[in-house]
Amino acid sequence: MGTIVGKPVSAGYAIGQICIYKVETLECDCISVAQDCICRELDRLDKALKGTEAQVKKLLARSVDGSDDSYAIFEGYLEIITDEELRKDMESYIKDNLVSFDTAVYEISKQYIQDMLELDDPYLRARAEDFKQIFRMIKTASSGADDCSLALQQRKEPFILAAKEVGPADMESIDTSLLQGILVETGSKTSHAAILSRGLGIPMVSGIKDIYDVLAEGELCVVDGGCGKVICAPDEKTVAAYTERMDQAKEEKEACLAYLDKEALTKDGTHITLYANIGSEDDVPGVLENKADGIGLFRTEFLFMKNGGAVLPTEEEQFRSYKLVLEKMEGRPVIFRTLDAGGDKNISALAIAKEENPFLGLRAVRYCLRNPEVFKTQLRALLRAAVYGNARIMLPMIISKEEIRQAKDMIADGIAQCKKDGVPVAEQVPLGIMIETPAAAVMAAELAKEAAFFSIGTNDLTQYTLAVDRGNEAIADLYSESHPAVLHLIAHVIRCGRQAGIPVDVCGEMAGNTDFTEQLLACGLREFSMSPIHILRIKRRLAQLTVRPDNVE
């Protein structure tokens, strides 16, 4: 029995036999071709792009009745594959360098992947893995081969997949009802394969070095996706222990499903509002399926990150996206956070200069107030969309009343401009703020005079309060949402909101973690906002807790 420790990507447990999956590699030696052979290589390129397009459309068709995540992913793949710039880049490389189709695929893929890896935003960096998969599909399509091994597709017994890397197309090409777990050498938490794994409830561990050497075909192993552990050739005692954990997890999941149609109540009958956090209109089905009370955080910046963030969305594009979400929510509240760029979200079209410490720099509302044209465009889109539902606007990274007042002036200008243009516009949209800096938390009583509601972003509030970079693994042990200083600030903000008669919710990761539910209730919190997948677990946890009498009012 041996234990390998990797990085946790998707939580859960699995016990099964290893299936080694060796994907097509992009690497190849530079192959020169004669001038009179260029047409042949261009024909191979044309055949490959058409074949890849057909394959992705097939995957899209399979996704229609399945995961909304996978459908959105393959829609993005189709946009990339049909992009004329991609074709031109590869054609030019073949013609200008007199090289083979395979050489062009490898060299152009390196450029595209490197461009993504150099971005500051971890979400966009993770898209490098998607480009790797797309180019892999293009390469294999030129020969008519299927990128997923036939042996893998024909498996009839449950298995644990082990590979250097896995992409969404690989996962869509196999029977996921037999896929028990995924082990990879490379792959981040924000990769699309990871997103699909979590959506399917399949445990996944990445960061397993020399994976083909340390794991063997057919070997029995245990996967613990929550802590990133893989136990090879486990003994009977270990198998029995993990079998029990799997049974408990299954029982817990079934127990949570019993709360789907129940109101979120504590043991003593106190109603708790549960909102959902989302990043695009594609996430709304998950909100509705888990019966959230509304959307507590719509991250509008992800709309700005489409197409690599190279082109800003127009007012009409934003309006259509916001309107669609409001219509789907059918009157339930939707809180739209205005553009939260900068920090770890580098959107190239905004041309934010590289900073020594971007988390303390020109980000979020600071950028918006200094770039009124970008901000006014978004505000107009939000105000127009608000006609079609229960919209609220939220400003991130606030540290003063002046910032709120400036935003209010821009909103007033936006309303006036829409009315002048004869465009339907909502004139009474609640404007709230995120409390994510110690300054805002300490000033909560004053800020409550200007804001219609508060939303506490515990991720950044913890980071700034403790002076701990939450992305720095070297000091990860110092990052603690339950630190007394953080809890004190949360309780203070909730108390100030209550005294001012405005709603207060928590929208950071803390809200969806059952380990913190009791502490948040003790702070006086009555509104939580989280990833939709956590809602039922939080409902179940709330039913086990009693609100302390001194925290009711």
# chains A, B, ... in the order shown; residues from 1 in each chain; ligands from 1
call {"tool": "select_by_dssp", "arguments": {"residues": "segment 343-430 of chain A", "states": "strand (DSSP E)", "output": "JSON, numbers by chain"}}
result
{"A": [391, 392, 393, 394, 395]}
call {"tool": "write_last_selection", "arguments": {"atoms": "N, CA and C atoms", "output": "compact mmCIF listing (two decimals), in the first residue's frame"}}
result
# COMPACT_ATOMS: atom_id res chain seq x y z
N ALA A 391 -34.32 43.78 -9.89
CA ALA A 391 -32.87 43.99 -9.95
C ALA A 391 -32.38 44.89 -8.81
N ARG A 392 -31.17 44.60 -8.37
CA ARG A 392 -30.47 45.45 -7.41
C ARG A 392 -29.03 45.59 -7.89
N ILE A 393 -28.43 46.72 -7.63
CA ILE A 393 -27.06 46.99 -8.08
C ILE A 393 -26.15 47.06 -6.86
N MET A 394 -24.97 46.44 -6.96
CA MET A 394 -24.04 46.42 -5.82
C MET A 394 -22.65 46.86 -6.26
N LEU A 395 -22.06 47.74 -5.47
CA LEU A 395 -20.73 48.28 -5.75
C LEU A 395 -19.67 47.54 -4.94
call {"tool": "residues_around", "arguments": {"residues": "Ala54 of chain A", "least_positions_apart": "5", "cutoff": "12 Å", "atoms": "only C-alpha atoms", "output": "ChimeraX atom specification"}}
result
/A:47-49,59-61,74,77-78,81-82,137-138,141,144,146
call {"tool": "residues_around", "arguments": {"residues": "Ala491 of chain A", "least_positions_apart": "3", "cutoff": "8 Å", "atoms": "only C-alpha atoms", "output": "list in words"}}
result
Leu487, His488, Ile494, Arg495, Cys523, Gly524 and Leu525 of chain A
call {"tool": "closest_residue", "arguments": {"among": "A:Ala264, A:Leu183, A:Leu536, A:Val387", "to": "Lys164 of chain A", "atoms": "only C-alpha atoms"}}
result
A:Leu183
call {"tool": "atom_distance", "arguments": {"atom1": "atom CA of Glu185 of chain A", "atom2": "atom CA of Gly226 of chain A"}}
result
16.9 Å
call {"tool": "residues_around", "arguments": {"residues": "Gly432 of chain A", "least_positions_apart": "3", "cutoff": "6 Å", "atoms": "only C-alpha atoms", "output": "mmCIF file with C-alpha atoms, in the first residue's frame"}}
result
data_model
loop_
_atom_site.group_PDB
_atom_site.id
_atom_site.type_symbol
_atom_site.label_atom_id
_atom_site.label_comp_id
_atom_site.auth_asym_id
_atom_site.auth_seq_id
_atom_site.Cartn_x
_atom_site.Cartn_y
_atom_site.Cartn_z
ATOM 1 C CA MET A 394 -24.044 46.415 -5.825
ATOM 2 C CA ALA A 451 -26.525 52.165 0.896
ATOM 3 C CA ALA A 452 -29.784 50.240 0.437
ATOM 4 C CA PHE A 453 -28.146 46.971 1.542
ATOM 5 C CA PHE A 454 -24.846 45.382 2.554
#
call {"tool": "residues_around", "arguments": {"residues": "segment 34-40 of chain A", "least_positions_apart": "3", "cutoff": "8 Å", "atoms": "only C-alpha atoms", "output": "JSON list (two decimals) with all heavy atoms, in the first residue's frame"}}
result
[["chain", "number", "residue", "atom", "x", "y", "z"],
["A", 43, "ASP", "N", -4.78, 21.72, -47.14],
["A", 43, "ASP", "CA", -5.95, 20.83, -47.23],
["A", 43, "ASP", "C", -6.13, 20.05, -45.94],
["A", 43, "ASP", "O", -7.25, 19.83, -45.47],
["A", 43, "ASP", "CB", -5.78, 19.86, -48.41],
["A", 43, "ASP", "CG", -6.02, 20.54, -49.76],
["A", 43, "ASP", "OD1", -6.63, 21.63, -49.76],
["A", 43, "ASP", "OD2", -5.61, 19.97, -50.80],
["A", 44, "ARG", "N", -5.02, 19.61, -45.36],
["A", 44, "ARG", "CA", -5.09, 18.89, -44.08],
["A", 44, "ARG", "C", -5.66, 19.80, -42.99],
["A", 44, "ARG", "O", -6.46, 19.36, -42.16],
["A", 44, "ARG", "CB", -3.69, 18.42, -43.66],
["A", 44, "ARG", "CG", -3.14, 17.26, -44.48],
["A", 44, "ARG", "CD", -1.81, 16.81, -43.89],
["A", 44, "ARG", "NE", -1.98, 16.23, -42.56],
["A", 44, "ARG", "CZ", -0.98, 16.04, -41.70],
["A", 44, "ARG", "NH1", 0.26, 16.41, -42.02],
["A", 44, "ARG", "NH2", -1.21, 15.51, -40.50],
["A", 94, "ILE", "N", 2.05, 27.97, -41.85],
["A", 94, "ILE", "CA", 2.41, 26.94, -42.83],
["A", 94, "ILE", "C", 3.07, 27.57, -44.05],
["A", 94, "ILE", "O", 4.13, 27.13, -44.51],
["A", 94, "ILE", "CB", 1.18, 26.12, -43.25],
["A", 94, "ILE", "CG1", 0.68, 25.26, -42.08],
["A", 94, "ILE", "CG2", 1.49, 25.24, -44.45],
["A", 94, "ILE", "CD1", -0.66, 24.60, -42.33],
["A", 95, "LYS", "N", 2.46, 28.65, -44.59],
["A", 95, "LYS", "CA", 2.96, 29.30, -45.81],
["A", 95, "LYS", "C", 4.29, 30.01, -45.56],
["A", 95, "LYS", "O", 5.23, 29.90, -46.36],
["A", 95, "LYS", "CB", 1.94, 30.32, -46.31],
["A", 95, "LYS", "CG", 0.65, 29.71, -46.85],
["A", 95, "LYS", "CD", -0.32, 30.84, -47.22],
["A", 95, "LYS", "CE", -1.66, 30.32, -47.70],
["A", 95, "LYS", "NZ", -2.61, 31.42, -47.98],
["A", 98, "LEU", "N", 7.04, 27.31, -44.43],
["A", 98, "LEU", "CA", 7.15, 26.09, -45.23],
["A", 98, "LEU", "C", 7.26, 24.85, -44.33],
["A", 98, "LEU", "O", 8.22, 24.07, -44.40],
["A", 98, "LEU", "CB", 8.35, 26.17, -46.18],
["A", 98, "LEU", "CG", 8.30, 27.27, -47.25],
["A", 98, "LEU", "CD1", 9.57, 27.25, -48.08],
["A", 98, "LEU", "CD2", 7.07, 27.11, -48.13],
["A", 99, "VAL", "N", 6.26, 24.71, -43.46],
["A", 99, "VAL", "CA", 6.26, 23.59, -42.51],
["A", 99, "VAL", "C", 4.98, 22.77, -42.66],
["A", 99, "VAL", "O", 4.01, 23.20, -43.30],
["A", 99, "VAL", "CB", 6.39, 24.07, -41.05],
["A", 99, "VAL", "CG1", 7.74, 24.71, -40.83],
["A", 99, "VAL", "CG2", 5.26, 25.01, -40.69],
["A", 100, "SER", "N", 4.98, 21.59, -42.04],
["A", 100, "SER", "CA", 3.83, 20.70, -42.11],
["A", 100, "SER", "C", 2.68, 21.20, -41.24],
["A", 100, "SER", "O", 2.86, 22.04, -40.36],
["A", 100, "SER", "CB", 4.23, 19.30, -41.64],
["A", 100, "SER", "OG", 4.49, 19.33, -40.24]]
call {"tool": "closest_residue", "arguments": {"among": "A:Thr546, A:Thr465, A:Ser531, A:Thr458", "to": "Thr266 of chain A", "atoms": "only C-alpha atoms"}}
result
A:Thr546
call {"tool": "residues_around", "arguments": {"residues": "Ile411 of chain A", "least_positions_apart": "2", "cutoff": "9 Å", "atoms": "only C-alpha atoms", "output": "PyMOL selection string"}}
result
chain A and resi 376+379-380+383+406-409+413-416
call {"tool": "write_last_selection", "arguments": {"atoms": "N, CA, C and O atoms", "output": "mmCIF file, in the first residue's frame"}}
result
data_model
loop_
_atom_site.group_PDB
_atom_site.id
_atom_site.type_symbol
_atom_site.label_atom_id
_atom_site.label_comp_id
_atom_site.auth_asym_id
_atom_site.auth_seq_id
_atom_site.Cartn_x
_atom_site.Cartn_y
_atom_site.Cartn_z
ATOM 1 N N LYS A 376 -20.523 53.894 -17.042
ATOM 2 C CA LYS A 376 -21.842 54.390 -17.453
ATOM 3 C C LYS A 376 -22.521 53.432 -18.425
ATOM 4 O O LYS A 376 -23.742 53.258 -18.395
ATOM 5 N N LEU A 379 -23.911 50.692 -16.277
ATOM 6 C CA LEU A 379 -25.044 51.158 -15.477
ATOM 7 C C LEU A 379 -26.294 51.339 -16.332
ATOM 8 O O LEU A 379 -27.400 50.973 -15.911
ATOM 9 N N ARG A 380 -26.131 51.878 -17.534
ATOM 10 C CA ARG A 380 -27.284 52.025 -18.439
ATOM 11 C C ARG A 380 -27.883 50.655 -18.766
ATOM 12 O O ARG A 380 -29.106 50.485 -18.754
ATOM 13 N N LEU A 383 -29.775 49.414 -15.677
ATOM 14 C CA LEU A 383 -31.009 50.175 -15.442
ATOM 15 C C LEU A 383 -32.085 49.816 -16.461
ATOM 16 O O LEU A 383 -33.275 49.735 -16.132
ATOM 17 N N GLN A 406 -20.782 59.240 -5.803
ATOM 18 C CA GLN A 406 -20.369 59.386 -7.203
ATOM 19 C C GLN A 406 -21.124 58.401 -8.095
ATOM 20 O O GLN A 406 -21.568 58.741 -9.188
ATOM 21 N N ALA A 407 -21.269 57.165 -7.604
ATOM 22 C CA ALA A 407 -22.000 56.147 -8.374
ATOM 23 C C ALA A 407 -23.468 56.548 -8.520
ATOM 24 O O ALA A 407 -24.060 56.367 -9.595
ATOM 25 N N LYS A 408 -24.042 57.100 -7.471
ATOM 26 C CA LYS A 408 -25.437 57.546 -7.536
ATOM 27 C C LYS A 408 -25.615 58.641 -8.585
ATOM 28 O O LYS A 408 -26.618 58.658 -9.314
ATOM 29 N N ASP A 409 -24.650 59.549 -8.664
ATOM 30 C CA ASP A 409 -24.713 60.621 -9.671
ATOM 31 C C ASP A 409 -24.675 60.028 -11.076
ATOM 32 O O ASP A 409 -25.401 60.478 -11.978
ATOM 33 N N ASP A 413 -27.516 60.155 -14.017
ATOM 34 C CA ASP A 413 -27.213 60.565 -15.395
ATOM 35 C C ASP A 413 -27.690 59.500 -16.388
ATOM 36 O O ASP A 413 -28.224 59.822 -17.456
ATOM 37 N N GLY A 414 -27.483 58.236 -16.031
ATOM 38 C CA GLY A 414 -27.899 57.144 -16.904
ATOM 39 C C GLY A 414 -29.405 57.118 -17.090
ATOM 40 O O GLY A 414 -29.905 56.906 -18.208
ATOM 41 N N ILE A 415 -30.140 57.330 -16.020
ATOM 42 C CA ILE A 415 -31.607 57.358 -16.095
ATOM 43 C C ILE A 415 -32.065 58.518 -16.981
ATOM 44 O O ILE A 415 -32.926 58.358 -17.854
ATOM 45 N N ALA A 416 -31.455 59.677 -16.764
ATOM 46 C CA ALA A 416 -31.823 60.869 -17.547
ATOM 47 C C ALA A 416 -31.543 60.649 -19.032
ATOM 48 O O ALA A 416 -32.355 61.018 -19.889
#
call {"tool": "closest_residue", "arguments": {"among": "A:Arg87, A:Lys209, A:Lys419, A:Lys58", "to": "Val5 of chain A", "atoms": "only C-alpha atoms"}}
result
A:Lys209
call {"tool": "decode", "arguments": {"residues": "segment 20-65 of chain A", "atoms": "N, CA and C atoms", "output": "short mmCIF file (atom, residue, chain, number, x, y, z; two decimals), in the first residue's frame"}}
result
data_model
loop_
_atom_site.label_atom_id
_atom_site.label_comp_id
_atom_site.auth_asym_id
_atom_site.auth_seq_id
_atom_site.Cartn_x
_atom_site.Cartn_y
_atom_site.Cartn_z
N ILE A 20 -5.38 3.67 -17.45
CA ILE A 20 -4.41 4.64 -17.98
C ILE A 20 -4.91 5.16 -19.33
N TYR A 21 -4.95 6.48 -19.47
CA TYR A 21 -5.44 7.11 -20.70
C TYR A 21 -4.34 8.03 -21.24
N LYS A 22 -3.72 7.64 -22.34
CA LYS A 22 -2.64 8.43 -22.93
C LYS A 22 -3.19 9.22 -24.11
N VAL A 23 -3.29 10.52 -23.91
CA VAL A 23 -3.88 11.37 -24.94
C VAL A 23 -2.85 11.72 -26.02
N GLU A 24 -3.37 12.15 -27.14
CA GLU A 24 -2.53 12.62 -28.26
C GLU A 24 -1.68 13.80 -27.80
N THR A 25 -0.39 13.75 -28.08
CA THR A 25 0.47 14.85 -27.70
C THR A 25 0.58 15.87 -28.84
N LEU A 26 0.72 17.12 -28.49
CA LEU A 26 0.85 18.18 -29.50
C LEU A 26 2.30 18.32 -29.97
N GLU A 27 3.22 17.90 -29.14
CA GLU A 27 4.64 18.09 -29.45
C GLU A 27 5.06 17.30 -30.69
N CYS A 28 5.92 17.92 -31.48
CA CYS A 28 6.49 17.23 -32.65
C CYS A 28 7.72 17.98 -33.11
N ASP A 29 8.59 17.29 -33.83
CA ASP A 29 9.76 17.95 -34.41
C ASP A 29 9.30 18.82 -35.57
N CYS A 30 10.07 19.87 -35.83
CA CYS A 30 9.73 20.75 -36.96
C CYS A 30 9.94 19.99 -38.27
N ILE A 31 8.87 19.90 -39.04
CA ILE A 31 8.94 19.19 -40.32
C ILE A 31 8.78 20.19 -41.46
N SER A 32 9.84 20.37 -42.23
CA SER A 32 9.79 21.30 -43.36
C SER A 32 9.17 20.61 -44.58
N VAL A 33 8.50 21.40 -45.41
CA VAL A 33 7.91 20.84 -46.64
C VAL A 33 8.28 21.74 -47.82
N ALA A 34 8.27 21.17 -48.98
CA ALA A 34 8.59 21.93 -50.20
C ALA A 34 7.42 22.85 -50.55
N GLN A 35 7.73 23.88 -51.33
CA GLN A 35 6.71 24.86 -51.72
C GLN A 35 5.52 24.19 -52.42
N ASP A 36 5.81 23.19 -53.25
CA ASP A 36 4.73 22.56 -54.00
C ASP A 36 3.89 21.60 -53.14
N CYS A 37 4.27 21.44 -51.87
CA CYS A 37 3.49 20.58 -50.95
C CYS A 37 2.61 21.39 -49.99
N ILE A 38 2.69 22.72 -50.09
CA ILE A 38 1.94 23.58 -49.17
C ILE A 38 0.44 23.37 -49.30
N CYS A 39 -0.04 23.22 -50.54
CA CYS A 39 -1.48 23.01 -50.75
C CYS A 39 -1.97 21.76 -50.01
N ARG A 40 -1.13 20.73 -50.02
CA ARG A 40 -1.51 19.50 -49.32
C ARG A 40 -1.68 19.75 -47.83
N GLU A 41 -0.75 20.53 -47.24
CA GLU A 41 -0.81 20.81 -45.80
C GLU A 41 -2.00 21.72 -45.46
N LEU A 42 -2.30 22.64 -46.39
CA LEU A 42 -3.47 23.51 -46.17
C LEU A 42 -4.77 22.72 -46.27
N ASP A 43 -4.78 21.72 -47.14
CA ASP A 43 -5.95 20.83 -47.23
C ASP A 43 -6.13 20.05 -45.94
N ARG A 44 -5.02 19.61 -45.36
CA ARG A 44 -5.09 18.89 -44.08
C ARG A 44 -5.66 19.80 -42.99
N LEU A 45 -5.24 21.06 -43.01
CA LEU A 45 -5.75 22.03 -42.05
C LEU A 45 -7.25 22.22 -42.22
N ASP A 46 -7.69 22.39 -43.47
CA ASP A 46 -9.11 22.59 -43.74
C ASP A 46 -9.92 21.38 -43.28
N LYS A 47 -9.42 20.19 -43.58
CA LYS A 47 -10.10 18.96 -43.17
C LYS A 47 -10.16 18.86 -41.65
N ALA A 48 -9.07 19.24 -40.98
CA ALA A 48 -9.00 19.15 -39.52
C ALA A 48 -9.98 20.11 -38.85
N LEU A 49 -10.05 21.35 -39.36
CA LEU A 49 -10.97 22.33 -38.77
C LEU A 49 -12.42 21.93 -38.97
N LYS A 50 -12.73 21.43 -40.17
CA LYS A 50 -14.10 20.98 -40.42
C LYS A 50 -14.45 19.76 -39.57
N GLY A 51 -13.49 18.85 -39.42
CA GLY A 51 -13.72 17.66 -38.61
C GLY A 51 -13.90 18.00 -37.13
N THR A 52 -13.10 18.94 -36.66
CA THR A 52 -13.20 19.36 -35.26
C THR A 52 -14.52 20.07 -35.01
N GLU A 53 -14.91 20.92 -35.96
CA GLU A 53 -16.20 21.61 -35.84
C GLU A 53 -17.35 20.61 -35.75
N ALA A 54 -17.30 19.58 -36.59
CA ALA A 54 -18.34 18.54 -36.58
C ALA A 54 -18.35 17.79 -35.24
N GLN A 55 -17.15 17.52 -34.73
CA GLN A 55 -17.04 16.80 -33.46
C GLN A 55 -17.62 17.62 -32.31
N VAL A 56 -17.31 18.90 -32.29
CA VAL A 56 -17.81 19.77 -31.22
C VAL A 56 -19.34 19.93 -31.32
N LYS A 57 -19.84 20.03 -32.55
CA LYS A 57 -21.30 20.12 -32.71
C LYS A 57 -21.99 18.85 -32.21
N LYS A 58 -21.31 17.72 -32.39
CA LYS A 58 -21.84 16.45 -31.89
C LYS A 58 -21.86 16.47 -30.36
N LEU A 59 -20.79 17.01 -29.77
CA LEU A 59 -20.73 17.12 -28.31
C LEU A 59 -21.78 18.09 -27.79
N LEU A 60 -22.01 19.17 -28.55
CA LEU A 60 -23.05 20.13 -28.17
C LEU A 60 -24.42 19.47 -28.17
N ALA A 61 -24.68 18.67 -29.18
CA ALA A 61 -25.98 17.98 -29.28
C ALA A 61 -26.18 17.04 -28.10
N ARG A 62 -25.10 16.38 -27.68
CA ARG A 62 -25.17 15.48 -26.53
C ARG A 62 -25.41 16.24 -25.24
N SER A 63 -24.99 17.52 -25.21
CA SER A 63 -25.08 18.31 -23.97
C SER A 63 -26.44 18.98 -23.79
N VAL A 64 -27.26 19.01 -24.82
CA VAL A 64 -28.54 19.74 -24.75
C VAL A 64 -29.38 19.29 -23.58
N ASP A 65 -29.47 17.97 -23.36
CA ASP A 65 -30.31 17.45 -22.28
C ASP A 65 -29.50 17.12 -21.03
#
